[in-house]
Amino acid sequence: MKLSIQEAHTLSHSVLESIGFSSSASTTITNHLLDSHLRGYISAGLPRLLAIRDRLSSNAPAETITTTTETTVLAHLNGNDTFGYLVGEHATELVIAKAKECGIAIVAANNTWTTGMLAYYAERAAKEDLVTIITANSTPWVAVEGGVKGVNGTNPICIGVPSSSTPVILDIATSEILHADIVLAQRLGTDLPEGSGFNAQGEPTVDPFQVFQGAIAPWGGYKGSGLASMVQLLGVMAGSPAFPPALEQFGFSIIAIDPGRFRDIGEYKREVDRYIEGVKASSSAVGGQSLRLPFERSARVREEALRSGEVVIDDVVYEQLKAIIQ
């Protein structure tokens, strides 16, 4: 079904308040969820409200984030089991302020869960003319290349670069599919794509209930698998255990760099723009798609959704969300 963006915002905010989040936290989380939904990443959008509810069960959500270490250029945060969207937001605000003052900064956080779409934070920093490198590890649901047992998280890595218009942001999970994709497939009773996971016996499966008994397949062969391992260990640096428990104790880090400390920021962005134009002007394969940069497609999808003023949500998910607030 279709909802106006305002109706979707109100629904999300109401659901989050119903399960115990403060009004301000509900707004922060809703803005992130809606941005994911508007950019076409539906499993990380409004349906994630149900996963948040399930994870909390009847427990009140934590909202206290503690600074354990801080200098002019770095900080470490203990999320105290606070939802990652809130921890990530706080870390992003802090790293932006420090990088603008010092030219470079890093903020790491542990004891959190589900940090969301890392591009959301990278875009915030890009608007402040900052380059970012962001990673987040998680529960070992994902096999390494050649394996069938979960040892890595879905482990996204994100690099964001400002330009004069749409920033260039690469935000990729290092698993074949997202944890959220599997959870949504379970709710809707649909199969997973071929090649996305293994059952407990190590056999390929498309059954979303069997994958969590086995493992999600890694993305990108040995290169993607190696990248996943590095993200897992960067999470350890941030304070997570090597193998975080189910939806607990994730590690998150965000590095922000001011390119204006190396060259004039206007000149830098003009060169980024020139690169973007060069990529689009280069030759595409016969019968291939038009050439584009990372983040361009989802930013365009968001623009189209904003113009329409509507979002699409599965009827099953909508009814389950409405049931929470009735």
# chains A, B, ... in the order shown; residues from 1 in each chain; ligands from 1
>>> closest_atom_pairs(of="range 96-155 of chain A", to="range 59-77 of chain A", cutoff="7 Å", atoms="only C-alpha atoms", output="tab-separated table")
residue	atom	partner	partner_atom	distance
A:Lys98	CA	A:Val73	CA	5.8
A:Cys102	CA	A:Val73	CA	6.5
A:Ile104	CA	A:Val73	CA	6.6
A:Ala105	CA	A:Val73	CA	4.6
A:Ile106	CA	A:Leu74	CA	4.9
A:Val107	CA	A:Ala75	CA	4.8
A:Ala108	CA	A:His76	CA	4.9
A:Ala109	CA	A:Leu77	CA	4.4
A:Asn110	CA	A:Leu77	CA	6.5
>>> write_last_selection(atoms="all heavy atoms", output="compact mmCIF listing (two decimals), in the first residue's frame")
# COMPACT_ATOMS: atom_id res chain seq x y z
N LYS A 98 34.93 17.58 15.39
CA LYS A 98 36.37 17.43 15.63
C LYS A 98 37.16 17.57 14.33
O LYS A 98 38.24 18.19 14.32
CB LYS A 98 36.64 16.07 16.28
CG LYS A 98 36.19 15.97 17.73
CD LYS A 98 36.52 14.61 18.32
CE LYS A 98 36.13 14.53 19.79
NZ LYS A 98 36.91 15.45 20.64
N CYS A 102 40.14 20.09 13.66
CA CYS A 102 41.50 19.56 13.62
C CYS A 102 41.95 19.08 12.25
O CYS A 102 43.13 18.78 12.06
CB CYS A 102 41.64 18.41 14.62
SG CYS A 102 41.30 18.88 16.32
N ILE A 104 41.22 16.21 10.88
CA ILE A 104 40.96 14.78 10.85
C ILE A 104 40.46 14.35 12.22
O ILE A 104 40.83 14.95 13.25
CB ILE A 104 42.22 13.98 10.46
CG1 ILE A 104 41.89 12.48 10.27
CG2 ILE A 104 43.34 14.17 11.49
CD1 ILE A 104 43.02 11.67 9.65
N ALA A 105 39.61 13.33 12.26
CA ALA A 105 39.10 12.83 13.54
C ALA A 105 38.58 11.42 13.36
O ALA A 105 38.22 11.00 12.25
CB ALA A 105 38.00 13.74 14.07
N ILE A 106 38.56 10.68 14.45
CA ILE A 106 37.96 9.36 14.46
C ILE A 106 37.15 9.20 15.74
O ILE A 106 37.59 9.62 16.82
CB ILE A 106 39.02 8.24 14.35
CG1 ILE A 106 38.34 6.86 14.43
CG2 ILE A 106 40.11 8.37 15.40
CD1 ILE A 106 39.26 5.69 14.11
N VAL A 107 35.97 8.65 15.58
CA VAL A 107 35.13 8.29 16.73
C VAL A 107 34.76 6.82 16.58
O VAL A 107 34.29 6.40 15.53
CB VAL A 107 33.86 9.17 16.81
CG1 VAL A 107 32.96 8.70 17.96
CG2 VAL A 107 34.24 10.64 17.00
N ALA A 108 35.00 6.07 17.63
CA ALA A 108 34.65 4.64 17.65
C ALA A 108 33.64 4.40 18.75
O ALA A 108 33.59 5.14 19.74
CB ALA A 108 35.90 3.79 17.87
N ALA A 109 32.82 3.37 18.57
CA ALA A 109 31.80 3.06 19.57
C ALA A 109 31.62 1.55 19.68
O ALA A 109 31.77 0.83 18.70
CB ALA A 109 30.47 3.71 19.18
N ASN A 110 31.30 1.10 20.87
CA ASN A 110 30.99 -0.31 21.07
C ASN A 110 29.71 -0.44 21.87
O ASN A 110 29.06 0.56 22.21
CB ASN A 110 32.15 -1.04 21.78
CG ASN A 110 32.29 -0.65 23.24
OD1 ASN A 110 31.93 0.46 23.63
ND2 ASN A 110 32.83 -1.54 24.04
>>> closest_atom_pairs(of="range 117-180 of chain A", to="range 16-38 of chain A", cutoff="10 Å", atoms="only C-alpha atoms", output="CSV")
residue,atom,partner,partner_atom,distance
A:Met117,CA,A:Ser36,CA,6.9
A:Ala119,CA,A:Ser36,CA,9.2
A:Tyr120,CA,A:His32,CA,7.0
A:Tyr121,CA,A:His32,CA,9.3
>>> residues_around(residues="Ala299 in chain A", least_positions_apart="6", cutoff="10 Å", atoms="only C-alpha atoms", output="list in words")
Asp35, Leu38, Arg39, Gly40, Thr166, Pro167 and Ala305 of chain A
>>> closest_residue(among="A:Ala136, A:Val151, A:Ala143, A:Leu306", to="Ala238 in chain A", atoms="only C-alpha atoms")
A:Ala136
>>> select_by_dssp(residues="range 35-191 of chain A", states="helix (DSSP H, G or I)", output="ChimeraX atom specification")
/A:35-38,42-44,48-56,84-102,118-126,179-188
>>> residues_around(residues="Tyr275 in chain A", least_positions_apart="5", cutoff="12 Å", atoms="only C-alpha atoms", output="ChimeraX atom specification")
/A:161,163-164,168,268-270,280-282,292-293
>>> select_by_dssp(residues="range 91-319 of chain A", states="strand (DSSP E or B)", output="MDAnalysis selection string")
chainID A and resid 104:113 131:136 142 152 157:161 168:172 175 197:198 204 215:216 218 250:257 310:312
>>> closest_residue(among="A:Val95, A:Phe83, A:Ala217, A:Phe252", to="Pro156 in chain A", atoms="only C-alpha atoms")
A:Phe252
>>> closest_residue(among="A:Gly147, A:Gly235, A:Pro47, A:Gly103", to="Ser12 in chain A", atoms="only C-alpha atoms")
A:Pro47
>>> residues_around(residues="Gly220 in chain A", least_positions_apart="5", cutoff="12 Å", atoms="only C-alpha atoms", output="PyMOL selection string")
chain A and resi 144-146+172-177+196+225-228
>>> atom_distance(atom1="CA of Asp181 in chain A", atom2="CA of Val312 in chain A")
16.5 Å
>>> atom_distance(atom1="CA of Ile134 in chain A", atom2="CA of Glu267 in chain A")
24.7 Å
>>> residues_around(residues="Leu321 in chain A", least_positions_apart="2", cutoff="9 Å", atoms="only C-alpha atoms", output="list in words")
Leu11, Ser12, Val15, Leu46, Pro47, Leu49, Leu50, Val316, Val317, Tyr318, Glu319, Ala323, Ile324 and Ile325 of chain A
>>> closest_residue(among="A:Ile276, A:His9, A:Ile133, A:Leu188", to="Ala256 in chain A", atoms="only C-alpha atoms")
A:Ile133
>>> atom_distance(atom1="CA of Ser229 in chain A", atom2="CA of Ile157 in chain A")
11.3 Å
>>> closest_residue(among="A:Gly150, A:Leu170, A:Asn155, A:Pro244", to="Phe212 in chain A", atoms="only C-alpha atoms")
A:Gly150
